[in-house]
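Student: I'd like to ask some things about the structure below.
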Amino acid sequence: MIGYFVKDKKHNLLELEKEVFAFFTWNNPALWKGFALSVIKSSITLLRTWILVLFLGKLLGFTATVSVLGFSYLGYFVPIPAGLGALDALQAFVFHTLGAQASMGAAYAFIMRTAEGLIAVVGILFVVRVGISIVVHRFVGKLKKVLPGI
């Protein structure tokens, strides 16, 4: 397993652990870059949740929006196939608790699941396209070495 992450086979587990600890130091710019990207992603997700709830007809404050997003994460935490109903039920509960209709929670869950499904499909298509091009280029390169006349 270590050989997969470390190119030099002379490294041992202790040295790999030192590299992990070196990454999590306060003066590491890569740590701060990762932290900043994580905060930006979370902020965009929170803003997306707030806008979607606003379009569904309910104006929520910051705390209520965080609650909706938190229960979304909790619903995604439940493994599929139980997760298909858990997200809808949790969102119906949250929206009902916040004074909105429970059906708004179910609509929110369906919209979020569809949006994230579309993002996943685009990612899968990208990975398949790039993967096929890598395989083709490597195969053609090896084939040219074996059959120089191609």
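Within each chain, counting starts at residue 1; across the structure tokens, chains are named A, B, ... in the order shown, with ligands numbered 1 upward in that order.
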Do you know which residues are at most 9 Å from Leu84 of chain A counting only C-alpha atoms, after dropping those on the same chain fewer than 6 positions away, and could you put them as a list in words?
Tutor: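 Listing them by chain and then by number gives Gly75, Tyr76 and Val78 of chain A.
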Student: Which polymer residues have any atom within 12 Å of an atom of Gln91 of chain A, counting only C-alpha atoms, with same-chain residues fewer than 3 positions away left out, as a PyMOL selection string?
Tutor: chain A and resi 53+64-65+67-76+84-88+94-98+100-112
Student: I need the residues in chain A that are helix (DSSP H, G or I) according to DSSP; give them as an MDAnalysis selection string.
Tutor: chainID A and resid 2:5 13:23 29:55 62:77 82:97 102:146
Student: Between A:Ala92, A:Val66, A:Leu143, A:Val121, which residue has the minimum interatomic distance to Trp50 of chain A, considering only C-alpha atoms?
Tutor: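 Ranking A:Ala92, A:Val66, A:Leu143, A:Val121 by distance to Trp50 of chain A, first place goes to A:Val66.
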